[in-house]
Amino acid sequence: VVNDENERAMPMRRGSDHERHLAEAELRNVYTCFITPLIDYKLTGVEEKNQKLFNLLNDIMNLSTRELDKVQGHLRQFILDDKGLVLICTFGLRGSTFPNMIAQRALPFSLSIHKALEEELGVKSKIGATFGKAYCGVVGGLERHEFAILGPSVNLSARLMASKDNPGILVDKNVRLLTDQIFFKPL
């Protein structure tokens with residue numbers, strides 16, 4: 001029911017939501033990991049084949065959340081579109097910043113999900129990972145919005161994942177310099 005009282009209250013709520021979104025936005029150092037499981041993602045029209053795809057997507061989601069839960073990372077996005085399946089995972093958001101986060105959580109996650117996808121589901125994957133400053137906050141309007149992580153390091157992570165030179169996992173120089181337990185060969 002819309003009445004004068006509700007209409008007067010709406011702008012106040014919207015204004016406070018807008019102010020909260022602005023107040024919660026921040027620049028943070030974030031580890032961003034783009035993962036593309038290399039699967040045939042096209043629907044065929046054959047119910048049995050489509051159901052196999054849906055089951056595989058569900059298994060990938062369950063495996064990803066299981067691996068992220070072990071190291072307290074975040075799944076930013078799980079998207080299937082005309083370019084394929086992409087997962088975006090992050091470390092370093094508010095509430096998930098830890099000492100030695102890259103060496104002890106983020107990079108071990110990237111290695112473990114790459115291995116688990118292949119060993120448990122028979123799915124090869126390509127991963128791109130970076131560490132750098134990014135905008136972390138709400139984007140969009142008051143009625144329709146989402147939390148986003150934006151910045152050059154995020155874009156680089158996506159490009160590393162999609163690179164034709166990616167043998168499985170590519171990381172940027174910042175990630176390479178923040179770990180001494182794993183050797184990464186520069187390209």
# chains A, B, ... in the order shown; residues from 1 in each chain; ligands from 1
call {"tool": "select_by_dssp", "arguments": {"residues": "range 60-165 of chain A", "states": "strand (DSSP E)", "output": "PDB file with all heavy atoms, in the first residue's frame"}}
result
ATOM      1  N   HIS A  74      36.656 -15.601  -0.846  1.00  0.00           N
ATOM      2  CA  HIS A  74      35.310 -15.247  -1.300  1.00  0.00           C
ATOM      3  C   HIS A  74      35.115 -15.638  -2.770  1.00  0.00           C
ATOM      4  O   HIS A  74      36.006 -15.432  -3.587  1.00  0.00           O
ATOM      5  CB  HIS A  74      35.077 -13.733  -1.195  1.00  0.00           C
ATOM      6  CG  HIS A  74      34.994 -13.254   0.195  1.00  0.00           C
ATOM      7  ND1 HIS A  74      36.009 -12.546   0.783  1.00  0.00           N
ATOM      8  CD2 HIS A  74      34.030 -13.383   1.130  1.00  0.00           C
ATOM      9  CE1 HIS A  74      35.669 -12.246   2.029  1.00  0.00           C
ATOM     10  NE2 HIS A  74      34.475 -12.745   2.254  1.00  0.00           N
ATOM     11  N   LEU A  75      33.938 -16.148  -3.082  1.00  0.00           N
ATOM     12  CA  LEU A  75      33.550 -16.364  -4.464  1.00  0.00           C
ATOM     13  C   LEU A  75      32.788 -15.120  -4.895  1.00  0.00           C
ATOM     14  O   LEU A  75      31.680 -14.867  -4.440  1.00  0.00           O
ATOM     15  CB  LEU A  75      32.667 -17.611  -4.613  1.00  0.00           C
ATOM     16  CG  LEU A  75      32.177 -17.911  -6.028  1.00  0.00           C
ATOM     17  CD1 LEU A  75      33.346 -18.158  -6.977  1.00  0.00           C
ATOM     18  CD2 LEU A  75      31.239 -19.113  -6.010  1.00  0.00           C
ATOM     19  N   ARG A  76      33.389 -14.325  -5.755  1.00  0.00           N
ATOM     20  CA  ARG A  76      32.774 -13.077  -6.220  1.00  0.00           C
ATOM     21  C   ARG A  76      31.728 -13.352  -7.294  1.00  0.00           C
ATOM     22  O   ARG A  76      30.693 -12.745  -7.339  1.00  0.00           O
ATOM     23  CB  ARG A  76      33.880 -12.143  -6.725  1.00  0.00           C
ATOM     24  CG  ARG A  76      33.482 -11.038  -7.666  1.00  0.00           C
ATOM     25  CD  ARG A  76      32.570 -10.005  -7.023  1.00  0.00           C
ATOM     26  NE  ARG A  76      32.150  -9.038  -8.000  1.00  0.00           N
ATOM     27  CZ  ARG A  76      31.021  -9.106  -8.705  1.00  0.00           C
ATOM     28  NH1 ARG A  76      30.208 -10.101  -8.567  1.00  0.00           N
ATOM     29  NH2 ARG A  76      30.715  -8.164  -9.564  1.00  0.00           N
ATOM     30  N   GLN A  77      32.050 -14.310  -8.184  1.00  0.00           N
ATOM     31  CA  GLN A  77      31.121 -14.553  -9.273  1.00  0.00           C
ATOM     32  C   GLN A  77      31.331 -15.955  -9.842  1.00  0.00           C
ATOM     33  O   GLN A  77      32.450 -16.443  -9.922  1.00  0.00           O
ATOM     34  CB  GLN A  77      31.344 -13.519 -10.375  1.00  0.00           C
ATOM     35  CG  GLN A  77      30.240 -13.408 -11.377  1.00  0.00           C
ATOM     36  CD  GLN A  77      30.375 -12.141 -12.209  1.00  0.00           C
ATOM     37  OE1 GLN A  77      31.466 -11.764 -12.610  1.00  0.00           O
ATOM     38  NE2 GLN A  77      29.265 -11.477 -12.453  1.00  0.00           N
ATOM     39  N   PHE A  78      30.226 -16.570 -10.213  1.00  0.00           N
ATOM     40  CA  PHE A  78      30.200 -17.858 -10.916  1.00  0.00           C
ATOM     41  C   PHE A  78      29.287 -17.609 -12.099  1.00  0.00           C
ATOM     42  O   PHE A  78      28.076 -17.494 -11.934  1.00  0.00           O
ATOM     43  CB  PHE A  78      29.618 -18.930  -9.981  1.00  0.00           C
ATOM     44  CG  PHE A  78      29.613 -20.333 -10.532  1.00  0.00           C
ATOM     45  CD1 PHE A  78      30.579 -21.243 -10.130  1.00  0.00           C
ATOM     46  CD2 PHE A  78      28.639 -20.751 -11.423  1.00  0.00           C
ATOM     47  CE1 PHE A  78      30.569 -22.551 -10.601  1.00  0.00           C
ATOM     48  CE2 PHE A  78      28.628 -22.050 -11.901  1.00  0.00           C
ATOM     49  CZ  PHE A  78      29.594 -22.954 -11.486  1.00  0.00           C
ATOM     50  N   ILE A  79      29.877 -17.445 -13.270  1.00  0.00           N
ATOM     51  CA  ILE A  79      29.071 -17.018 -14.414  1.00  0.00           C
ATOM     52  C   ILE A  79      29.320 -17.924 -15.613  1.00  0.00           C
ATOM     53  O   ILE A  79      30.452 -18.275 -15.919  1.00  0.00           O
ATOM     54  CB  ILE A  79      29.345 -15.542 -14.773  1.00  0.00           C
ATOM     55  CG1 ILE A  79      28.415 -15.073 -15.872  1.00  0.00           C
ATOM     56  CG2 ILE A  79      30.785 -15.311 -15.128  1.00  0.00           C
ATOM     57  CD1 ILE A  79      28.377 -13.568 -16.057  1.00  0.00           C
ATOM     58  N   LEU A  80      28.235 -18.293 -16.260  1.00  0.00           N
ATOM     59  CA  LEU A  80      28.290 -19.066 -17.494  1.00  0.00           C
ATOM     60  C   LEU A  80      27.600 -18.242 -18.573  1.00  0.00           C
ATOM     61  O   LEU A  80      26.423 -17.916 -18.452  1.00  0.00           O
ATOM     62  CB  LEU A  80      27.569 -20.408 -17.317  1.00  0.00           C
ATOM     63  CG  LEU A  80      27.524 -21.317 -18.538  1.00  0.00           C
ATOM     64  CD1 LEU A  80      28.924 -21.736 -18.973  1.00  0.00           C
ATOM     65  CD2 LEU A  80      26.671 -22.536 -18.246  1.00  0.00           C
ATOM     66  N   ASP A  81      28.374 -17.858 -19.587  1.00  0.00           N
ATOM     67  CA  ASP A  81      27.800 -17.085 -20.688  1.00  0.00           C
ATOM     68  C   ASP A  81      28.334 -17.617 -22.004  1.00  0.00           C
ATOM     69  O   ASP A  81      28.886 -18.722 -22.047  1.00  0.00           O
ATOM     70  CB  ASP A  81      28.066 -15.582 -20.505  1.00  0.00           C
ATOM     71  CG  ASP A  81      29.545 -15.221 -20.512  1.00  0.00           C
ATOM     72  OD1 ASP A  81      30.384 -16.053 -20.931  1.00  0.00           O
ATOM     73  OD2 ASP A  81      29.877 -14.102 -20.114  1.00  0.00           O
ATOM     74  N   GLY A  84      31.910 -18.961 -21.962  1.00  0.00           N
ATOM     75  CA  GLY A  84      32.265 -20.108 -21.129  1.00  0.00           C
ATOM     76  C   GLY A  84      32.000 -19.850 -19.663  1.00  0.00           C
ATOM     77  O   GLY A  84      31.353 -18.872 -19.289  1.00  0.00           O
ATOM     78  N   LEU A  85      32.517 -20.745 -18.846  1.00  0.00           N
ATOM     79  CA  LEU A  85      32.344 -20.662 -17.398  1.00  0.00           C
ATOM     80  C   LEU A  85      33.526 -19.920 -16.795  1.00  0.00           C
ATOM     81  O   LEU A  85      34.679 -20.226 -17.114  1.00  0.00           O
ATOM     82  CB  LEU A  85      32.253 -22.072 -16.801  1.00  0.00           C
ATOM     83  CG  LEU A  85      32.145 -22.178 -15.289  1.00  0.00           C
ATOM     84  CD1 LEU A  85      30.883 -21.493 -14.769  1.00  0.00           C
ATOM     85  CD2 LEU A  85      32.157 -23.646 -14.868  1.00  0.00           C
ATOM     86  N   VAL A  86      33.260 -18.957 -15.932  1.00  0.00           N
ATOM     87  CA  VAL A  86      34.309 -18.208 -15.238  1.00  0.00           C
ATOM     88  C   VAL A  86      33.927 -18.059 -13.775  1.00  0.00           C
ATOM     89  O   VAL A  86      32.786 -17.710 -13.450  1.00  0.00           O
ATOM     90  CB  VAL A  86      34.540 -16.807 -15.858  1.00  0.00           C
ATOM     91  CG1 VAL A  86      35.553 -16.010 -15.051  1.00  0.00           C
ATOM     92  CG2 VAL A  86      34.991 -16.929 -17.306  1.00  0.00           C
ATOM     93  N   LEU A  87      34.890 -18.328 -12.912  1.00  0.00           N
ATOM     94  CA  LEU A  87      34.736 -18.087 -11.476  1.00  0.00           C
ATOM     95  C   LEU A  87      35.708 -16.980 -11.101  1.00  0.00           C
ATOM     96  O   LEU A  87      36.856 -16.983 -11.554  1.00  0.00           O
ATOM     97  CB  LEU A  87      35.083 -19.330 -10.663  1.00  0.00           C
ATOM     98  CG  LEU A  87      34.135 -20.508 -10.737  1.00  0.00           C
ATOM     99  CD1 LEU A  87      34.307 -21.263 -12.036  1.00  0.00           C
ATOM    100  CD2 LEU A  87      34.393 -21.420  -9.568  1.00  0.00           C
ATOM    101  N   ILE A  88      35.245 -16.041 -10.287  1.00  0.00           N
ATOM    102  CA  ILE A  88      36.116 -14.977  -9.793  1.00  0.00           C
ATOM    103  C   ILE A  88      36.169 -15.108  -8.281  1.00  0.00           C
ATOM    104  O   ILE A  88      35.140 -15.021  -7.599  1.00  0.00           O
ATOM    105  CB  ILE A  88      35.600 -13.583 -10.194  1.00  0.00           C
ATOM    106  CG1 ILE A  88      35.385 -13.495 -11.705  1.00  0.00           C
ATOM    107  CG2 ILE A  88      36.593 -12.505  -9.708  1.00  0.00           C
ATOM    108  CD1 ILE A  88      34.709 -12.220 -12.157  1.00  0.00           C
ATOM    109  N   CYS A  89      37.372 -15.340  -7.767  1.00  0.00           N
ATOM    110  CA  CYS A  89      37.577 -15.527  -6.329  1.00  0.00           C
ATOM    111  C   CYS A  89      38.507 -14.439  -5.813  1.00  0.00           C
ATOM    112  O   CYS A  89      39.391 -13.987  -6.541  1.00  0.00           O
ATOM    113  CB  CYS A  89      38.183 -16.901  -6.062  1.00  0.00           C
ATOM    114  SG  CYS A  89      37.214 -18.242  -6.773  1.00  0.00           S
ATOM    115  N   THR A  90      38.302 -14.028  -4.567  1.00  0.00           N
ATOM    116  CA  THR A  90      39.107 -12.954  -4.005  1.00  0.00           C
ATOM    117  C   THR A  90      39.563 -13.269  -2.589  1.00  0.00           C
ATOM    118  O   THR A  90      38.929 -14.037  -1.858  1.00  0.00           O
ATOM    119  CB  THR A  90      38.327 -11.624  -3.964  1.00  0.00           C
ATOM    120  OG1 THR A  90      37.173 -11.800  -3.137  1.00  0.00           O
ATOM    121  CG2 THR A  90      37.916 -11.178  -5.345  1.00  0.00           C
ATOM    122  N   PHE A  91      40.647 -12.629  -2.225  1.00  0.00           N
ATOM    123  CA  PHE A  91      41.168 -12.620  -0.868  1.00  0.00           C
ATOM    124  C   PHE A  91      41.584 -11.191  -0.571  1.00  0.00           C
ATOM    125  O   PHE A  91      42.122 -10.514  -1.439  1.00  0.00           O
ATOM    126  CB  PHE A  91      42.396 -13.530  -0.736  1.00  0.00           C
ATOM    127  CG  PHE A  91      42.096 -14.987  -0.910  1.00  0.00           C
ATOM    128  CD1 PHE A  91      41.954 -15.526  -2.173  1.00  0.00           C
ATOM    129  CD2 PHE A  91      41.935 -15.815   0.189  1.00  0.00           C
ATOM    130  CE1 PHE A  91      41.663 -16.868  -2.349  1.00  0.00           C
ATOM    131  CE2 PHE A  91      41.645 -17.154   0.031  1.00  0.00           C
ATOM    132  CZ  PHE A  91      41.507 -17.685  -1.247  1.00  0.00           C
ATOM    133  N   SER A 125      41.693 -26.695 -16.203  1.00  0.00           N
ATOM    134  CA  SER A 125      41.310 -25.299 -15.990  1.00  0.00           C
ATOM    135  C   SER A 125      42.482 -24.386 -16.286  1.00  0.00           C
ATOM    136  O   SER A 125      43.636 -24.825 -16.326  1.00  0.00           O
ATOM    137  CB  SER A 125      40.831 -25.088 -14.555  1.00  0.00           C
ATOM    138  OG  SER A 125      41.875 -25.366 -13.645  1.00  0.00           O
ATOM    139  N   LYS A 126      42.163 -23.121 -16.480  1.00  0.00           N
ATOM    140  CA  LYS A 126      43.167 -22.073 -16.625  1.00  0.00           C
ATOM    141  C   LYS A 126      42.870 -21.025 -15.573  1.00  0.00           C
ATOM    142  O   LYS A 126      41.712 -20.642 -15.372  1.00  0.00           O
ATOM    143  CB  LYS A 126      43.115 -21.464 -18.026  1.00  0.00           C
ATOM    144  CG  LYS A 126      43.573 -22.432 -19.113  1.00  0.00           C
ATOM    145  CD  LYS A 126      43.351 -21.843 -20.477  1.00  0.00           C
ATOM    146  CE  LYS A 126      44.629 -21.280 -21.016  1.00  0.00           C
ATOM    147  NZ  LYS A 126      44.473 -20.707 -22.370  1.00  0.00           N
ATOM    148  N   ILE A 127      43.933 -20.577 -14.908  1.00  0.00           N
ATOM    149  CA  ILE A 127      43.790 -19.630 -13.804  1.00  0.00           C
ATOM    150  C   ILE A 127      44.720 -18.443 -14.032  1.00  0.00           C
ATOM    151  O   ILE A 127      45.873 -18.619 -14.425  1.00  0.00           O
ATOM    152  CB  ILE A 127      44.119 -20.316 -12.455  1.00  0.00           C
ATOM    153  CG1 ILE A 127      43.089 -21.421 -12.172  1.00  0.00           C
ATOM    154  CG2 ILE A 127      44.195 -19.301 -11.319  1.00  0.00           C
ATOM    155  CD1 ILE A 127      43.386 -22.245 -10.942  1.00  0.00           C
ATOM    156  N   GLY A 128      44.202 -17.251 -13.757  1.00  0.00           N
ATOM    157  CA  GLY A 128      45.004 -16.035 -13.736  1.00  0.00           C
ATOM    158  C   GLY A 128      44.832 -15.387 -12.381  1.00  0.00           C
ATOM    159  O   GLY A 128      43.707 -15.246 -11.897  1.00  0.00           O
ATOM    160  N   ALA A 129      45.947 -15.010 -11.739  1.00  0.00           N
ATOM    161  CA  ALA A 129      45.868 -14.438 -10.392  1.00  0.00           C
ATOM    162  C   ALA A 129      46.778 -13.225 -10.269  1.00  0.00           C
ATOM    163  O   ALA A 129      47.907 -13.230 -10.780  1.00  0.00           O
ATOM    164  CB  ALA A 129      46.236 -15.482  -9.355  1.00  0.00           C
ATOM    165  N   THR A 130      46.269 -12.194  -9.592  1.00  0.00           N
ATOM    166  CA  THR A 130      47.028 -10.963  -9.396  1.00  0.00           C
ATOM    167  C   THR A 130      46.811 -10.438  -7.980  1.00  0.00           C
ATOM    168  O   THR A 130      45.871 -10.834  -7.293  1.00  0.00           O
ATOM    169  CB  THR A 130      46.575  -9.870 -10.385  1.00  0.00           C
ATOM    170  OG1 THR A 130      45.175  -9.630 -10.194  1.00  0.00           O
ATOM    171  CG2 THR A 130      46.841 -10.272 -11.824  1.00  0.00           C
ATOM    172  N   PHE A 131      47.675  -9.520  -7.581  1.00  0.00           N
ATOM    173  CA  PHE A 131      47.523  -8.834  -6.298  1.00  0.00           C
ATOM    174  C   PHE A 131      47.781  -7.364  -6.535  1.00  0.00           C
ATOM    175  O   PHE A 131      48.820  -6.982  -7.076  1.00  0.00           O
ATOM    176  CB  PHE A 131      48.511  -9.392  -5.270  1.00  0.00           C
ATOM    177  CG  PHE A 131      48.382  -8.765  -3.915  1.00  0.00           C
ATOM    178  CD1 PHE A 131      47.266  -9.009  -3.127  1.00  0.00           C
ATOM    179  CD2 PHE A 131      49.372  -7.935  -3.419  1.00  0.00           C
ATOM    180  CE1 PHE A 131      47.139  -8.435  -1.866  1.00  0.00           C
ATOM    181  CE2 PHE A 131      49.255  -7.363  -2.164  1.00  0.00           C
ATOM    182  CZ  PHE A 131      48.142  -7.611  -1.384  1.00  0.00           C
ATOM    183  N   GLY A 132      46.807  -6.538  -6.156  1.00  0.00           N
ATOM    184  CA  GLY A 132      46.985  -5.106  -6.332  1.00  0.00           C
ATOM    185  C   GLY A 132      45.796  -4.326  -5.805  1.00  0.00           C
ATOM    186  O   GLY A 132      44.798  -4.898  -5.370  1.00  0.00           O
ATOM    187  N   LYS A 133      45.918  -3.017  -5.860  1.00  0.00           N
ATOM    188  CA  LYS A 133      44.853  -2.131  -5.386  1.00  0.00           C
ATOM    189  C   LYS A 133      43.642  -2.221  -6.305  1.00  0.00           C
ATOM    190  O   LYS A 133      43.769  -2.239  -7.519  1.00  0.00           O
ATOM    191  CB  LYS A 133      45.331  -0.685  -5.361  1.00  0.00           C
ATOM    192  CG  LYS A 133      46.173  -0.347  -4.163  1.00  0.00           C
ATOM    193  CD  LYS A 133      45.723   0.958  -3.578  1.00  0.00           C
ATOM    194  CE  LYS A 133      46.579   1.375  -2.415  1.00  0.00           C
ATOM    195  NZ  LYS A 133      46.455   0.545  -1.257  1.00  0.00           N
ATOM    196  N   ALA A 134      42.481  -2.275  -5.669  1.00  0.00           N
ATOM    197  CA  ALA A 134      41.234  -2.342  -6.432  1.00  0.00           C
ATOM    198  C   ALA A 134      40.141  -1.630  -5.657  1.00  0.00           C
ATOM    199  O   ALA A 134      40.149  -1.586  -4.425  1.00  0.00           O
ATOM    200  CB  ALA A 134      40.839  -3.800  -6.683  1.00  0.00           C
ATOM    201  N   TYR A 135      39.193  -1.077  -6.406  1.00  0.00           N
ATOM    202  CA  TYR A 135      37.992  -0.513  -5.808  1.00  0.00           C
ATOM    203  C   TYR A 135      37.117  -1.682  -5.377  1.00  0.00           C
ATOM    204  O   TYR A 135      36.843  -2.590  -6.156  1.00  0.00           O
ATOM    205  CB  TYR A 135      37.235   0.353  -6.823  1.00  0.00           C
ATOM    206  CG  TYR A 135      35.826   0.679  -6.391  1.00  0.00           C
ATOM    207  CD1 TYR A 135      35.571   1.757  -5.554  1.00  0.00           C
ATOM    208  CD2 TYR A 135      34.748  -0.100  -6.802  1.00  0.00           C
ATOM    209  CE1 TYR A 135      34.279   2.051  -5.146  1.00  0.00           C
ATOM    210  CE2 TYR A 135      33.453   0.184  -6.403  1.00  0.00           C
ATOM    211  CZ  TYR A 135      33.232   1.256  -5.567  1.00  0.00           C
ATOM    212  OH  TYR A 135      31.948   1.538  -5.160  1.00  0.00           O
ATOM    213  N   CYS A 136      36.677  -1.654  -4.139  1.00  0.00           N
ATOM    214  CA  CYS A 136      35.791  -2.689  -3.603  1.00  0.00           C
ATOM    215  C   CYS A 136      34.557  -1.989  -3.058  1.00  0.00           C
ATOM    216  O   CYS A 136      34.641  -1.234  -2.081  1.00  0.00           O
ATOM    217  CB  CYS A 136      36.479  -3.463  -2.487  1.00  0.00           C
ATOM    218  SG  CYS A 136      38.028  -4.225  -2.961  1.00  0.00           S
ATOM    219  N   GLY A 137      33.434  -2.220  -3.698  1.00  0.00           N
ATOM    220  CA  GLY A 137      32.219  -1.561  -3.243  1.00  0.00           C
ATOM    221  C   GLY A 137      31.063  -1.803  -4.182  1.00  0.00           C
ATOM    222  O   GLY A 137      31.158  -2.545  -5.152  1.00  0.00           O
ATOM    223  N   VAL A 138      29.979  -1.139  -3.884  1.00  0.00           N
ATOM    224  CA  VAL A 138      28.748  -1.298  -4.631  1.00  0.00           C
ATOM    225  C   VAL A 138      28.807  -0.471  -5.911  1.00  0.00           C
ATOM    226  O   VAL A 138      29.266   0.667  -5.900  1.00  0.00           O
ATOM    227  CB  VAL A 138      27.533  -0.879  -3.761  1.00  0.00           C
ATOM    228  CG1 VAL A 138      26.253  -0.905  -4.554  1.00  0.00           C
ATOM    229  CG2 VAL A 138      27.436  -1.794  -2.546  1.00  0.00           C
ATOM    230  N   VAL A 139      28.355  -1.069  -7.012  1.00  0.00           N
ATOM    231  CA  VAL A 139      28.189  -0.343  -8.265  1.00  0.00           C
ATOM    232  C   VAL A 139      26.747  -0.534  -8.729  1.00  0.00           C
ATOM    233  O   VAL A 139      26.138  -1.569  -8.466  1.00  0.00           O
ATOM    234  CB  VAL A 139      29.167  -0.808  -9.369  1.00  0.00           C
ATOM    235  CG1 VAL A 139      30.599  -0.495  -8.994  1.00  0.00           C
ATOM    236  CG2 VAL A 139      29.008  -2.271  -9.681  1.00  0.00           C
ATOM    237  N   GLY A 140      26.228   0.467  -9.387  1.00  0.00           N
ATOM    238  CA  GLY A 140      24.854   0.403  -9.863  1.00  0.00           C
ATOM    239  C   GLY A 140      24.000   1.432  -9.151  1.00  0.00           C
ATOM    240  O   GLY A 140      24.487   2.274  -8.402  1.00  0.00           O
ATOM    241  N   HIS A 145      21.845  -3.124  -7.944  1.00  0.00           N
ATOM    242  CA  HIS A 145      23.276  -2.926  -7.744  1.00  0.00           C
ATOM    243  C   HIS A 145      23.924  -4.230  -7.321  1.00  0.00           C
ATOM    244  O   HIS A 145      23.249  -5.207  -7.016  1.00  0.00           O
ATOM    245  CB  HIS A 145      23.526  -1.829  -6.703  1.00  0.00           C
ATOM    246  CG  HIS A 145      22.822  -2.080  -5.411  1.00  0.00           C
ATOM    247  ND1 HIS A 145      21.574  -1.575  -5.157  1.00  0.00           N
ATOM    248  CD2 HIS A 145      23.168  -2.806  -4.319  1.00  0.00           C
ATOM    249  CE1 HIS A 145      21.186  -1.963  -3.945  1.00  0.00           C
ATOM    250  NE2 HIS A 145      22.133  -2.723  -3.426  1.00  0.00           N
ATOM    251  N   GLU A 146      25.254  -4.221  -7.323  1.00  0.00           N
ATOM    252  CA  GLU A 146      26.002  -5.391  -6.889  1.00  0.00           C
ATOM    253  C   GLU A 146      27.328  -4.940  -6.301  1.00  0.00           C
ATOM    254  O   GLU A 146      27.792  -3.830  -6.560  1.00  0.00           O
ATOM    255  CB  GLU A 146      26.239  -6.360  -8.050  1.00  0.00           C
ATOM    256  CG  GLU A 146      27.132  -5.813  -9.142  1.00  0.00           C
ATOM    257  CD  GLU A 146      27.390  -6.808 -10.254  1.00  0.00           C
ATOM    258  OE1 GLU A 146      27.497  -8.017  -9.975  1.00  0.00           O
ATOM    259  OE2 GLU A 146      27.497  -6.382 -11.408  1.00  0.00           O
ATOM    260  N   PHE A 147      27.950  -5.830  -5.545  1.00  0.00           N
ATOM    261  CA  PHE A 147      29.274  -5.581  -5.020  1.00  0.00           C
ATOM    262  C   PHE A 147      30.269  -5.917  -6.117  1.00  0.00           C
ATOM    263  O   PHE A 147      30.147  -6.941  -6.780  1.00  0.00           O
ATOM    264  CB  PHE A 147      29.533  -6.447  -3.779  1.00  0.00           C
ATOM    265  CG  PHE A 147      30.832  -6.136  -3.113  1.00  0.00           C
ATOM    266  CD1 PHE A 147      30.925  -5.090  -2.216  1.00  0.00           C
ATOM    267  CD2 PHE A 147      31.971  -6.880  -3.396  1.00  0.00           C
ATOM    268  CE1 PHE A 147      32.124  -4.785  -1.598  1.00  0.00           C
ATOM    269  CE2 PHE A 147      33.177  -6.587  -2.788  1.00  0.00           C
ATOM    270  CZ  PHE A 147      33.252  -5.537  -1.883  1.00  0.00           C
ATOM    271  N   ALA A 148      31.244  -5.054  -6.327  1.00  0.00           N
ATOM    272  CA  ALA A 148      32.212  -5.272  -7.398  1.00  0.00           C
ATOM    273  C   ALA A 148      33.623  -5.017  -6.909  1.00  0.00           C
ATOM    274  O   ALA A 148      33.841  -4.316  -5.920  1.00  0.00           O
ATOM    275  CB  ALA A 148      31.894  -4.356  -8.576  1.00  0.00           C
ATOM    276  N   ILE A 149      34.559  -5.590  -7.616  1.00  0.00           N
ATOM    277  CA  ILE A 149      35.982  -5.354  -7.402  1.00  0.00           C
ATOM    278  C   ILE A 149      36.520  -4.908  -8.756  1.00  0.00           C
ATOM    279  O   ILE A 149      36.442  -5.667  -9.727  1.00  0.00           O
ATOM    280  CB  ILE A 149      36.691  -6.615  -6.892  1.00  0.00           C
ATOM    281  CG1 ILE A 149      36.088  -7.009  -5.550  1.00  0.00           C
ATOM    282  CG2 ILE A 149      38.188  -6.379  -6.721  1.00  0.00           C
ATOM    283  CD1 ILE A 149      35.787  -8.428  -5.438  1.00  0.00           C
ATOM    284  N   LEU A 150      37.009  -3.674  -8.836  1.00  0.00           N
ATOM    285  CA  LEU A 150      37.410  -3.081 -10.104  1.00  0.00           C
ATOM    286  C   LEU A 150      38.808  -2.498 -10.015  1.00  0.00           C
ATOM    287  O   LEU A 150      39.159  -1.881  -9.011  1.00  0.00           O
ATOM    288  CB  LEU A 150      36.442  -1.946 -10.488  1.00  0.00           C
ATOM    289  CG  LEU A 150      34.957  -2.275 -10.512  1.00  0.00           C
ATOM    290  CD1 LEU A 150      34.139  -1.007 -10.627  1.00  0.00           C
ATOM    291  CD2 LEU A 150      34.651  -3.222 -11.647  1.00  0.00           C
TER     292      LEU A 150
END
call {"tool": "closest_atom_pairs", "arguments": {"of": "range 116-144 of chain A", "to": "range 38-58 of chain A", "cutoff": "10 Å", "atoms": "only C-alpha atoms", "output": "JSON lines"}}
result
{"residue": "A:Leu117", "atom": "CA", "partner": "A:Leu38", "partner_atom": "CA", "distance": 9.9}
{"residue": "A:Leu121", "atom": "CA", "partner": "A:Leu56", "partner_atom": "CA", "distance": 8.0}
{"residue": "A:Gly122", "atom": "CA", "partner": "A:Ile39", "partner_atom": "CA", "distance": 9.8}
{"residue": "A:Val123", "atom": "CA", "partner": "A:Leu38", "partner_atom": "CA", "distance": 6.4}
{"residue": "A:Lys124", "atom": "CA", "partner": "A:Leu38", "partner_atom": "CA", "distance": 5.6}
{"residue": "A:Ser125", "atom": "CA", "partner": "A:Leu38", "partner_atom": "CA", "distance": 5.3}
{"residue": "A:Lys126", "atom": "CA", "partner": "A:Leu38", "partner_atom": "CA", "distance": 7.5}
call {"tool": "write_last_selection", "arguments": {"atoms": "N, CA and C atoms", "output": "PDB file, in the first residue's frame"}}
result
ATOM      1  N   LEU A 117      39.963 -29.733  -9.465  1.00  0.00           N
ATOM      2  CA  LEU A 117      39.107 -29.790 -10.653  1.00  0.00           C
ATOM      3  C   LEU A 117      39.528 -30.938 -11.567  1.00  0.00           C
ATOM      4  N   LEU A 121      37.113 -34.092 -10.820  1.00  0.00           N
ATOM      5  CA  LEU A 121      36.064 -33.962 -11.828  1.00  0.00           C
ATOM      6  C   LEU A 121      36.556 -34.217 -13.256  1.00  0.00           C
ATOM      7  N   GLY A 122      37.864 -34.407 -13.412  1.00  0.00           N
ATOM      8  CA  GLY A 122      38.405 -34.615 -14.750  1.00  0.00           C
ATOM      9  C   GLY A 122      38.322 -33.376 -15.616  1.00  0.00           C
ATOM     10  N   VAL A 123      38.349 -32.200 -14.994  1.00  0.00           N
ATOM     11  CA  VAL A 123      38.191 -30.924 -15.709  1.00  0.00           C
ATOM     12  C   VAL A 123      39.496 -30.135 -15.642  1.00  0.00           C
ATOM     13  N   LYS A 124      40.074 -29.872 -16.793  1.00  0.00           N
ATOM     14  CA  LYS A 124      41.249 -28.995 -16.840  1.00  0.00           C
ATOM     15  C   LYS A 124      40.773 -27.557 -16.655  1.00  0.00           C
ATOM     16  N   SER A 125      41.693 -26.695 -16.203  1.00  0.00           N
ATOM     17  CA  SER A 125      41.310 -25.299 -15.990  1.00  0.00           C
ATOM     18  C   SER A 125      42.482 -24.386 -16.286  1.00  0.00           C
ATOM     19  N   LYS A 126      42.163 -23.121 -16.480  1.00  0.00           N
ATOM     20  CA  LYS A 126      43.167 -22.073 -16.625  1.00  0.00           C
ATOM     21  C   LYS A 126      42.870 -21.025 -15.573  1.00  0.00           C
TER      22      LYS A 126
END
call {"tool": "select_by_dssp", "arguments": {"residues": "range 97-150 of chain A", "states": "alpha helix (DSSP H)", "output": "NGL selection string"}}
result
:A and (101 or 107-121)
call {"tool": "residues_around", "arguments": {"residues": "Leu63 in chain A", "least_positions_apart": "4", "cutoff": "9 Å", "atoms": "only C-alpha atoms", "output": "NGL selection string"}}
result
:A and (58-59 or 67-68 or 113 or 116-117 or 120)
